[in-house]
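Novice: Provided herewith: final.pdb, PDB, C-alpha atoms and all ligand atoms.
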ATOM      1  CA  MET A   1     -11.614 -17.008   6.407
ATOM      2  CA  THR A   2      -8.916 -14.319   6.502
ATOM      3  CA  LYS A   3     -10.356 -10.915   5.588
ATOM      4  CA  VAL A   4      -8.057  -8.607   3.642
ATOM      5  CA  LYS A   5      -8.582  -4.968   2.717
ATOM      6  CA  ILE A   6      -6.412  -3.537  -0.043
ATOM      7  CA  VAL A   7      -6.332   0.248  -0.352
ATOM      8  CA  TYR A   8      -4.532   1.979  -3.194
ATOM      9  CA  ALA A   9      -3.744   5.464  -4.501
ATOM     10  CA  SER A  10      -2.943   5.589  -8.190
ATOM     11  CA  LEU A  11      -2.847   8.337 -10.804
ATOM     12  CA  THR A  12      -1.519   6.539 -13.862
ATOM     13  CA  GLY A  13      -2.337   2.936 -12.976
ATOM     14  CA  ASN A  14       0.860   1.426 -11.564
ATOM     15  CA  ASN A  15      -0.366   1.174  -7.987
ATOM     16  CA  GLU A  16      -3.824   0.097  -9.080
ATOM     17  CA  ALA A  17      -2.135  -2.727 -11.014
ATOM     18  CA  ILE A  18      -0.160  -3.661  -7.897
ATOM     19  CA  ALA A  19      -3.337  -3.669  -5.796
ATOM     20  CA  ASP A  20      -5.177  -5.763  -8.377
ATOM     21  CA  TYR A  21      -2.287  -8.219  -8.651
ATOM     22  CA  VAL A  22      -2.145  -8.774  -4.896
ATOM     23  CA  ALA A  23      -5.942  -9.033  -4.775
ATOM     24  CA  SER A  24      -5.979 -11.655  -7.542
ATOM     25  CA  GLY A  25      -3.303 -13.711  -5.823
ATOM     26  CA  LEU A  26      -5.089 -13.653  -2.491
ATOM     27  CA  THR A  27      -8.498 -14.355  -4.008
ATOM     28  CA  ALA A  28      -7.027 -17.333  -5.865
ATOM     29  CA  ARG A  29      -5.885 -18.654  -2.481
ATOM     30  CA  GLY A  30      -9.394 -18.402  -1.125
ATOM     31  CA  LEU A  31      -9.065 -15.279   1.011
ATOM     32  CA  ASP A  32     -11.863 -12.745   1.402
ATOM     33  CA  VAL A  33     -10.477  -9.653  -0.366
ATOM     34  CA  ASP A  34     -11.864  -6.150  -0.743
ATOM     35  CA  VAL A  35     -10.098  -3.501  -2.879
ATOM     36  CA  GLU A  36     -10.805   0.198  -2.484
ATOM     37  CA  GLU A  37      -9.378   3.408  -3.922
ATOM     38  CA  MET A  38      -7.829   5.391  -1.082
ATOM     39  CA  SER A  39      -9.915   8.572  -1.310
ATOM     40  CA  GLN A  40     -13.026   6.381  -0.883
ATOM     41  CA  ALA A  41     -11.607   4.239   1.927
ATOM     42  CA  LEU A  42     -12.165   4.711   5.646
ATOM     43  CA  ALA A  43      -9.240   3.888   7.902
ATOM     44  CA  ASP A  44     -11.736   2.923  10.616
ATOM     45  CA  ASP A  45     -12.786  -0.043   8.460
ATOM     46  CA  LEU A  46      -9.365  -1.596   9.082
ATOM     47  CA  ALA A  47     -10.614  -2.581  12.531
ATOM     48  CA  ASP A  48     -12.921  -5.089  10.805
ATOM     49  CA  VAL A  49     -10.286  -6.982   8.790
ATOM     50  CA  ASP A  50      -7.386  -9.304   9.580
ATOM     51  CA  VAL A  51      -4.920  -7.886   7.066
ATOM     52  CA  ALA A  52      -4.470  -4.487   5.422
ATOM     53  CA  VAL A  53      -2.455  -3.902   2.264
ATOM     54  CA  VAL A  54      -1.664  -0.367   1.105
ATOM     55  CA  ALA A  55      -0.275   0.498  -2.325
ATOM     56  CA  SER A  56       0.478   4.180  -2.861
ATOM     57  CA  TYR A  57       2.423   6.297  -5.268
ATOM     58  CA  THR A  58       4.587   9.166  -4.007
ATOM     59  CA  TYR A  59       4.043  12.688  -5.228
ATOM     60  CA  SER A  60       5.728  16.099  -5.058
ATOM     61  CA  GLY A  61       3.995  19.257  -3.997
ATOM     62  CA  VAL A  62       6.047  21.750  -2.057
ATOM     63  CA  THR A  63       8.827  19.174  -1.817
ATOM     64  CA  ASP A  64       9.535  15.748  -3.289
ATOM     65  CA  GLY A  65       8.419  12.690  -1.394
ATOM     66  CA  GLU A  66       4.925  13.693  -0.378
ATOM     67  CA  LEU A  67       1.784  11.635   0.019
ATOM     68  CA  PRO A  68      -0.770  12.016  -2.767
ATOM     69  CA  ASP A  69      -3.547  14.462  -1.876
ATOM     70  CA  GLU A  70      -6.106  11.677  -2.057
ATOM     71  CA  ALA A  71      -4.154   9.697   0.548
ATOM     72  CA  ILE A  72      -4.041  12.411   3.213
ATOM     73  CA  ASP A  73      -7.377  11.763   4.957
ATOM     74  CA  PHE A  74      -6.830   8.001   5.091
ATOM     75  CA  TYR A  75      -3.260   8.473   6.341
ATOM     76  CA  GLU A  76      -4.203  11.008   9.028
ATOM     77  CA  ASP A  77      -7.113   8.848  10.221
ATOM     78  CA  LEU A  78      -4.799   5.817  10.336
ATOM     79  CA  GLN A  79      -2.456   7.780  12.584
ATOM     80  CA  GLU A  80      -5.286   8.153  15.117
ATOM     81  CA  LEU A  81      -6.004   4.416  15.324
ATOM     82  CA  THR A  82      -4.823   1.613  17.565
ATOM     83  CA  LEU A  83      -4.867  -1.671  15.622
ATOM     84  CA  PRO A  84      -2.989  -4.300  17.652
ATOM     85  CA  ALA A  85      -4.729  -7.252  15.963
ATOM     86  CA  LEU A  86      -4.066  -6.058  12.424
ATOM     87  CA  ARG A  87      -1.396  -7.532  10.139
ATOM     88  CA  PHE A  88      -0.272  -5.359   7.260
ATOM     89  CA  ALA A  89       1.888  -5.021   4.168
ATOM     90  CA  VAL A  90       2.804  -1.826   2.343
ATOM     91  CA  CYS A  91       3.913  -1.493  -1.243
ATOM     92  CA  GLY A  92       4.047   1.257  -3.793
ATOM     93  CA  SER A  93       5.368   2.411  -7.096
ATOM     94  CA  GLY A  94       7.361   5.640  -7.307
ATOM     95  CA  ASP A  95      10.091   6.953  -9.559
ATOM     96  CA  SER A  96      13.730   6.504  -8.576
ATOM     97  CA  THR A  97      14.774   9.650 -10.460
ATOM     98  CA  TYR A  98      13.289  11.528  -7.489
ATOM     99  CA  GLU A  99      15.595  11.871  -4.507
ATOM    100  CA  GLN A 100      12.712  10.970  -2.170
ATOM    101  CA  PHE A 101      11.940   7.615  -3.775
ATOM    102  CA  CYS A 102       8.743   5.859  -2.703
ATOM    103  CA  THR A 103       8.615   7.676   0.611
ATOM    104  CA  ALA A 104       4.842   7.154   0.790
ATOM    105  CA  VAL A 105       5.672   3.481   1.414
ATOM    106  CA  ASP A 106       7.861   4.480   4.362
ATOM    107  CA  GLN A 107       5.180   6.797   5.735
ATOM    108  CA  PHE A 108       2.474   4.139   5.654
ATOM    109  CA  GLN A 109       4.842   1.540   7.091
ATOM    110  CA  ALA A 110       5.560   3.878  10.010
ATOM    111  CA  ALA A 111       1.875   4.708  10.500
ATOM    112  CA  PHE A 112       0.869   1.040  10.701
ATOM    113  CA  LEU A 113       3.683   0.319  13.154
ATOM    114  CA  GLN A 114       2.675   3.344  15.225
ATOM    115  CA  ALA A 115      -0.885   1.958  15.324
ATOM    116  CA  GLY A 116       0.486  -1.250  16.838
ATOM    117  CA  ALA A 117      -0.131  -3.387  13.752
ATOM    118  CA  THR A 118       2.253  -6.197  12.810
ATOM    119  CA  PRO A 119       3.999  -6.392   9.415
ATOM    120  CA  CYS A 120       3.536  -9.676   7.586
ATOM    121  CA  ALA A 121       5.926  -8.859   4.729
ATOM    122  CA  GLU A 122       8.774  -6.516   3.891
ATOM    123  CA  PRO A 123       7.707  -3.250   2.237
ATOM    124  CA  VAL A 124       7.883  -3.426  -1.562
ATOM    125  CA  LYS A 125       9.106  -0.397  -3.523
ATOM    126  CA  VAL A 126       8.605  -0.493  -7.275
ATOM    127  CA  ASP A 127      10.285   1.806  -9.800
ATOM    128  CA  LEU A 128       7.481   2.942 -12.155
ATOM    129  CA  ALA A 129       5.660   0.020 -13.850
ATOM    130  CA  PRO A 130       6.256  -3.316 -12.123
ATOM    131  CA  GLU A 131       8.632  -5.742 -13.844
ATOM    132  CA  ALA A 132       9.345  -9.433 -13.285
ATOM    133  CA  ALA A 133      11.379  -8.916 -10.113
ATOM    134  CA  ASP A 134       8.657  -6.681  -8.674
ATOM    135  CA  TRP A 135       5.900  -9.184  -9.392
ATOM    136  CA  ALA A 136       8.057 -11.768  -7.610
ATOM    137  CA  HIS A 137       8.286  -9.502  -4.546
ATOM    138  CA  LEU A 138       4.527  -9.083  -4.657
ATOM    139  CA  ASP A 139       4.139 -12.869  -4.941
ATOM    140  CA  ALA A 140       6.075 -13.073  -1.675
ATOM    141  CA  VAL A 141       3.650 -10.629  -0.070
ATOM    142  CA  VAL A 142       0.723 -12.746  -1.261
ATOM    143  CA  ALA A 143       2.365 -15.920   0.048
ATOM    144  CA  ALA A 144       3.087 -14.336   3.438
ATOM    145  CA  ILE A 145      -0.510 -13.200   3.828
ATOM    146  CA  ALA A 146      -1.924 -16.510   2.627
ATOM    147  CA  ALA A 147       0.241 -18.295   5.192
ATOM    148  CA  LEU A 148      -1.243 -16.419   8.147
TER     149      LEU A 148
HETATM  150  C1  LIG B 201       4.500  15.580 -10.357
HETATM  151  C2  LIG B 201       5.022  14.250  -9.917
HETATM  152  C3  LIG B 201       5.798  14.174  -8.766
HETATM  153  C4  LIG B 201       6.327  12.942  -8.339
HETATM  154  N1  LIG B 201       7.112  12.900  -7.213
HETATM  155  C5  LIG B 201       7.650  11.711  -6.820
HETATM  156  C6  LIG B 201       8.503  11.629  -5.677
HETATM  157  O1  LIG B 201       8.779  12.604  -4.986
HETATM  158  N2  LIG B 201       9.024  10.415  -5.352
HETATM  159  C7  LIG B 201       8.753   9.277  -6.066
HETATM  160  O2  LIG B 201       9.248   8.207  -5.713
HETATM  161  N3  LIG B 201       7.954   9.325  -7.169
HETATM  162  C8  LIG B 201       7.417  10.516  -7.550
HETATM  163  N4  LIG B 201       6.612  10.567  -8.661
HETATM  164  C9  LIG B 201       6.463   9.360  -9.482
HETATM  165  C10 LIG B 201       5.195   8.545  -9.221
HETATM  166  O3  LIG B 201       5.093   8.165  -7.869
HETATM  167  C11 LIG B 201       5.316   7.298 -10.118
HETATM  168  O4  LIG B 201       5.176   7.712 -11.460
HETATM  169  C12 LIG B 201       4.301   6.241  -9.797
HETATM  170  O5  LIG B 201       4.598   5.067 -10.547
HETATM  171  C13 LIG B 201       2.884   6.666 -10.118
HETATM  172  O6  LIG B 201       2.023   5.643  -9.720
HETATM  173  P1  LIG B 201       0.577   5.457 -10.349
HETATM  174  O7  LIG B 201       0.768   4.972 -11.784
HETATM  175  O8  LIG B 201      -0.090   4.444  -9.504
HETATM  176  O9  LIG B 201      -0.088   6.800 -10.317
HETATM  177  C14 LIG B 201       6.067  11.775  -9.082
HETATM  178  C15 LIG B 201       5.262  11.844 -10.236
HETATM  179  C16 LIG B 201       4.750  13.069 -10.656
HETATM  180  C17 LIG B 201       3.895  13.123 -11.900
END
In structure tokens, write the structure found in this file.
Ligand SMILES: Cc1cc2nc3c(=O)[nH]c(=O)nc-3n(C[C@H](O)[C@H](O)[C@H](O)COP(=O)(O)O)c2cc1C
Specialist:
Amino acid sequence: MTKVKIVYASLTGNNEAIADYVASGLTARGLDVDVEEMSQALADDLADVDVAVVASYTYSGVTDGELPDEAIDFYEDLQELTLPALRFAVCGSGDSTYEQFCTAVDQFQAAFLQAGATPCAEPVKVDLAPEAADWAHLDAVVAAIAAL
């Protein structure tokens, strides 16, 4: 059975909802799914799964377009890994009024590629709370993973 780990960073619930939606879809298709909040997750654990899904918001500290604080350890540890057998998908909700929209999605996409992992779906960027078109994009992520 395909093992999937979903890791999310969420302050106000949008990315948690995305993670839960993807998890529900994959569980309904019979996959073995584990969901973890990013500050509690260990990047090393990705070596033990077939597919990783990350959902992260984007924050602003010194500049716009930064990773959330609670994502830093996971992100930096991911950058140290080599994961050639891993498939992955990245999604995230941000806010398009910021010039650096959803850049956390781009950063995680690049980190997984750098680790040698293979994307199984296009990155999904959501503007604030997901709407019908966003759920449809997430359905496509679920379908792509379920088809592996
Ligand atoms: C202080 C602050 C800074 C933010 N900076 C950015 C940003 O630079 N780029 C972006 O796309 N979204 C930015 N956002 C928007 C959040 O990423 C967006 O509200 C997201 O939906 C939050 O996800 P969550 O509900 O999972 O916490 C910022 C939000 C806050 C409160």
Novice: For A:Ser39, please output as a list in words all residues within 12 Å (counting all atoms listed in the file; exclusion window: fewer than 6 positions along the same chain).
Specialist: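 Those residues are Val7, Tyr8, Ala9, Ser10, Leu11, Ser56, Pro68, Asp69, Glu70, Ala71, Ile72, Asp73, Phe74, Tyr75 and Asp77 of chain A.
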Novice: Do you know which residues are within 8 Å of ligand LIG 201 (chain B) using all atoms listed in the file? Can you write them as JSON, numbers by chain?
Specialist: {"A": [9, 10, 11, 12, 13, 14, 15, 16, 17, 56, 57, 58, 59, 60, 61, 63, 64, 65, 66, 92, 93, 94, 95, 96, 97, 98, 99, 100, 101, 102, 103, 104, 126, 127, 128, 129]}
Novice: Suppose a student applies the PyMOL selection byres (((chain A and resi 44) around 9) and not hetatm) to this structure; what residues should they get, written as a list in words?
Specialist: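 For this structure, the PyMOL selection byres (((chain A and resi 44) around 9) and not hetatm) captures Ala41, Leu42, Ala43, Asp45, Leu46, Ala47, Asp48, Phe74, Asp77, Leu78 and Leu81 of chain A.
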Novice: Store the residues picked out above in a file with C-alpha atoms, as a PDB file, keeping the file's coordinate frame.
Specialist:
ATOM      1  CA  ALA A  41     -11.607   4.239   1.927  1.00  0.00           C
ATOM      2  CA  LEU A  42     -12.165   4.711   5.646  1.00  0.00           C
ATOM      3  CA  ALA A  43      -9.240   3.888   7.902  1.00  0.00           C
ATOM      4  CA  ASP A  45     -12.786  -0.043   8.460  1.00  0.00           C
ATOM      5  CA  LEU A  46      -9.365  -1.596   9.082  1.00  0.00           C
ATOM      6  CA  ALA A  47     -10.614  -2.581  12.531  1.00  0.00           C
ATOM      7  CA  ASP A  48     -12.921  -5.089  10.805  1.00  0.00           C
ATOM      8  CA  PHE A  74      -6.830   8.001   5.091  1.00  0.00           C
ATOM      9  CA  ASP A  77      -7.113   8.848  10.221  1.00  0.00           C
ATOM     10  CA  LEU A  78      -4.799   5.817  10.336  1.00  0.00           C
ATOM     11  CA  LEU A  81      -6.004   4.416  15.324  1.00  0.00           C
TER      12      LEU A  81
END
Novice: Can you tell me which residues surround stretch 106-111 of chain A at a distance of at most 9 Å, considering all atoms listed in the file, apart from same-chain residues fewer than 4 positions away, and format the answer as a PyMOL selection string?
Specialist: chain A and resi 54+56+67+75-76+78-79+88-91+102+115-117+119+123
Novice: Go ahead and write the residues just picked, C-alpha atoms, as a JSON list (two decimals), keeping the file's coordinate frame.
Specialist:
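again.json written:
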[["chain", "number", "residue", "atom", "x", "y", "z"],
["A", 54, "VAL", "CA", -1.66, -0.37, 1.10],
["A", 56, "SER", "CA", 0.48, 4.18, -2.86],
["A", 67, "LEU", "CA", 1.78, 11.64, 0.02],
["A", 75, "TYR", "CA", -3.26, 8.47, 6.34],
["A", 76, "GLU", "CA", -4.20, 11.01, 9.03],
["A", 78, "LEU", "CA", -4.80, 5.82, 10.34],
["A", 79, "GLN", "CA", -2.46, 7.78, 12.58],
["A", 88, "PHE", "CA", -0.27, -5.36, 7.26],
["A", 89, "ALA", "CA", 1.89, -5.02, 4.17],
["A", 90, "VAL", "CA", 2.80, -1.83, 2.34],
["A", 91, "CYS", "CA", 3.91, -1.49, -1.24],
["A", 102, "CYS", "CA", 8.74, 5.86, -2.70],
["A", 115, "ALA", "CA", -0.88, 1.96, 15.32],
["A", 116, "GLY", "CA", 0.49, -1.25, 16.84],
["A", 117, "ALA", "CA", -0.13, -3.39, 13.75],
["A", 119, "PRO", "CA", 4.00, -6.39, 9.41],
["A", 123, "PRO", "CA", 7.71, -3.25, 2.24]]
Novice: With all atoms listed in the file as the basis for distance, which of A:Ala136, A:Cys120, A:Leu86, A:Ala28 is at the shortest distance from A:Leu148?
Specialist: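 That would be A:Cys120, the residue with the smallest distance to A:Leu148.
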Novice: Using only C-alpha atoms, give me every residue within 8 Å of (-9.4, -13.3, 12.2) in file coordinates, as number ranges by chain.
Specialist: A: 1-3, 49-50
Novice: On this file, the PyMOL selection byres (((chain A and resi 138-145) around 7) and not hetatm) gives some set of residues; write that set as number ranges by chain.
Specialist: A: 22, 25-26, 120-121, 134-137, 146-148
Novice: Quote the spacing between atom CA of A:Lys125 and atom CA of A:Val62 in Å to one decimal place.
Specialist: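 Separation of atom CA of A:Lys125 and atom CA of A:Val62: 22.4 Å.
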Novice: What does the structure give for the distance between atom CA of A:Val53 and atom CA of A:Ala85, in Å to one decimal?
Specialist: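 Taking atom CA of A:Val53 as the start and atom CA of A:Ala85 as the end point, the length is 14.3 Å.
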Novice: Missing atoms in stretch 90-120 of chain A should be modelled up to N, CA and C atoms and reported as a compact mmCIF listing (two decimals), in the coordinates of the input.
Specialist:
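Output below, filename result00.txt:
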# COMPACT_ATOMS: atom_id res chain seq x y z
N VAL A 90 2.83 -3.07 3.10
CA VAL A 90 2.80 -1.83 2.34
C VAL A 90 3.66 -1.98 1.09
N CYS A 91 3.14 -1.51 -0.01
CA CYS A 91 3.91 -1.49 -1.24
C CYS A 91 3.58 -0.21 -2.00
N GLY A 92 4.34 0.06 -3.03
CA GLY A 92 4.05 1.26 -3.79
C GLY A 92 5.02 1.42 -4.94
N SER A 93 4.52 2.03 -5.98
CA SER A 93 5.37 2.41 -7.10
C SER A 93 5.66 3.90 -7.02
N GLY A 94 6.93 4.25 -7.19
CA GLY A 94 7.36 5.64 -7.31
C GLY A 94 8.29 5.74 -8.50
N ASP A 95 9.16 6.71 -8.44
CA ASP A 95 10.09 6.95 -9.56
C ASP A 95 11.46 7.26 -8.95
N SER A 96 12.42 6.39 -9.23
CA SER A 96 13.73 6.50 -8.58
C SER A 96 14.54 7.69 -9.08
N THR A 97 14.06 8.42 -10.07
CA THR A 97 14.77 9.65 -10.46
C THR A 97 14.53 10.77 -9.44
N TYR A 98 13.52 10.57 -8.58
CA TYR A 98 13.29 11.53 -7.49
C TYR A 98 14.16 11.13 -6.30
N GLU A 99 14.72 12.15 -5.66
CA GLU A 99 15.60 11.87 -4.51
C GLU A 99 14.80 11.17 -3.39
N GLN A 100 13.57 11.58 -3.20
CA GLN A 100 12.71 10.97 -2.17
C GLN A 100 11.90 9.85 -2.82
N PHE A 101 12.55 8.72 -3.02
CA PHE A 101 11.94 7.62 -3.78
C PHE A 101 10.97 6.81 -2.91
N CYS A 102 9.74 6.73 -3.36
CA CYS A 102 8.74 5.86 -2.70
C CYS A 102 8.60 6.14 -1.21
N THR A 103 8.69 7.38 -0.83
CA THR A 103 8.62 7.68 0.61
C THR A 103 7.20 7.47 1.17
N ALA A 104 6.20 7.46 0.30
CA ALA A 104 4.84 7.15 0.79
C ALA A 104 4.81 5.75 1.41
N VAL A 105 5.59 4.84 0.85
CA VAL A 105 5.67 3.48 1.41
C VAL A 105 6.22 3.55 2.84
N ASP A 106 7.27 4.34 3.02
CA ASP A 106 7.86 4.48 4.36
C ASP A 106 6.87 5.12 5.34
N GLN A 107 6.13 6.11 4.85
CA GLN A 107 5.18 6.80 5.74
C GLN A 107 4.06 5.86 6.18
N PHE A 108 3.53 5.07 5.26
CA PHE A 108 2.47 4.14 5.65
C PHE A 108 3.02 3.02 6.54
N GLN A 109 4.23 2.57 6.24
CA GLN A 109 4.84 1.54 7.09
C GLN A 109 4.94 2.06 8.53
N ALA A 110 5.42 3.29 8.68
CA ALA A 110 5.56 3.88 10.01
C ALA A 110 4.21 4.07 10.68
N ALA A 111 3.20 4.47 9.91
CA ALA A 111 1.88 4.71 10.50
C ALA A 111 1.25 3.41 11.02
N PHE A 112 1.41 2.33 10.24
CA PHE A 112 0.87 1.04 10.70
C PHE A 112 1.61 0.57 11.97
N LEU A 113 2.91 0.73 11.97
CA LEU A 113 3.68 0.32 13.15
C LEU A 113 3.27 1.15 14.37
N GLN A 114 3.10 2.44 14.14
CA GLN A 114 2.68 3.34 15.22
C GLN A 114 1.31 2.92 15.78
N ALA A 115 0.45 2.40 14.90
CA ALA A 115 -0.88 1.96 15.32
C ALA A 115 -0.83 0.63 16.07
N GLY A 116 0.35 0.02 16.12
CA GLY A 116 0.49 -1.25 16.84
C GLY A 116 0.24 -2.47 15.98
N ALA A 117 0.09 -2.27 14.66
CA ALA A 117 -0.13 -3.39 13.75
C ALA A 117 1.19 -4.11 13.50
N THR A 118 1.08 -5.34 13.00
CA THR A 118 2.25 -6.20 12.81
C THR A 118 2.50 -6.43 11.33
N PRO A 119 3.72 -6.16 10.84
CA PRO A 119 4.00 -6.39 9.41
C PRO A 119 4.03 -7.89 9.12
N CYS A 120 3.47 -8.26 7.97
CA CYS A 120 3.54 -9.68 7.59
C CYS A 120 4.43 -9.86 6.37
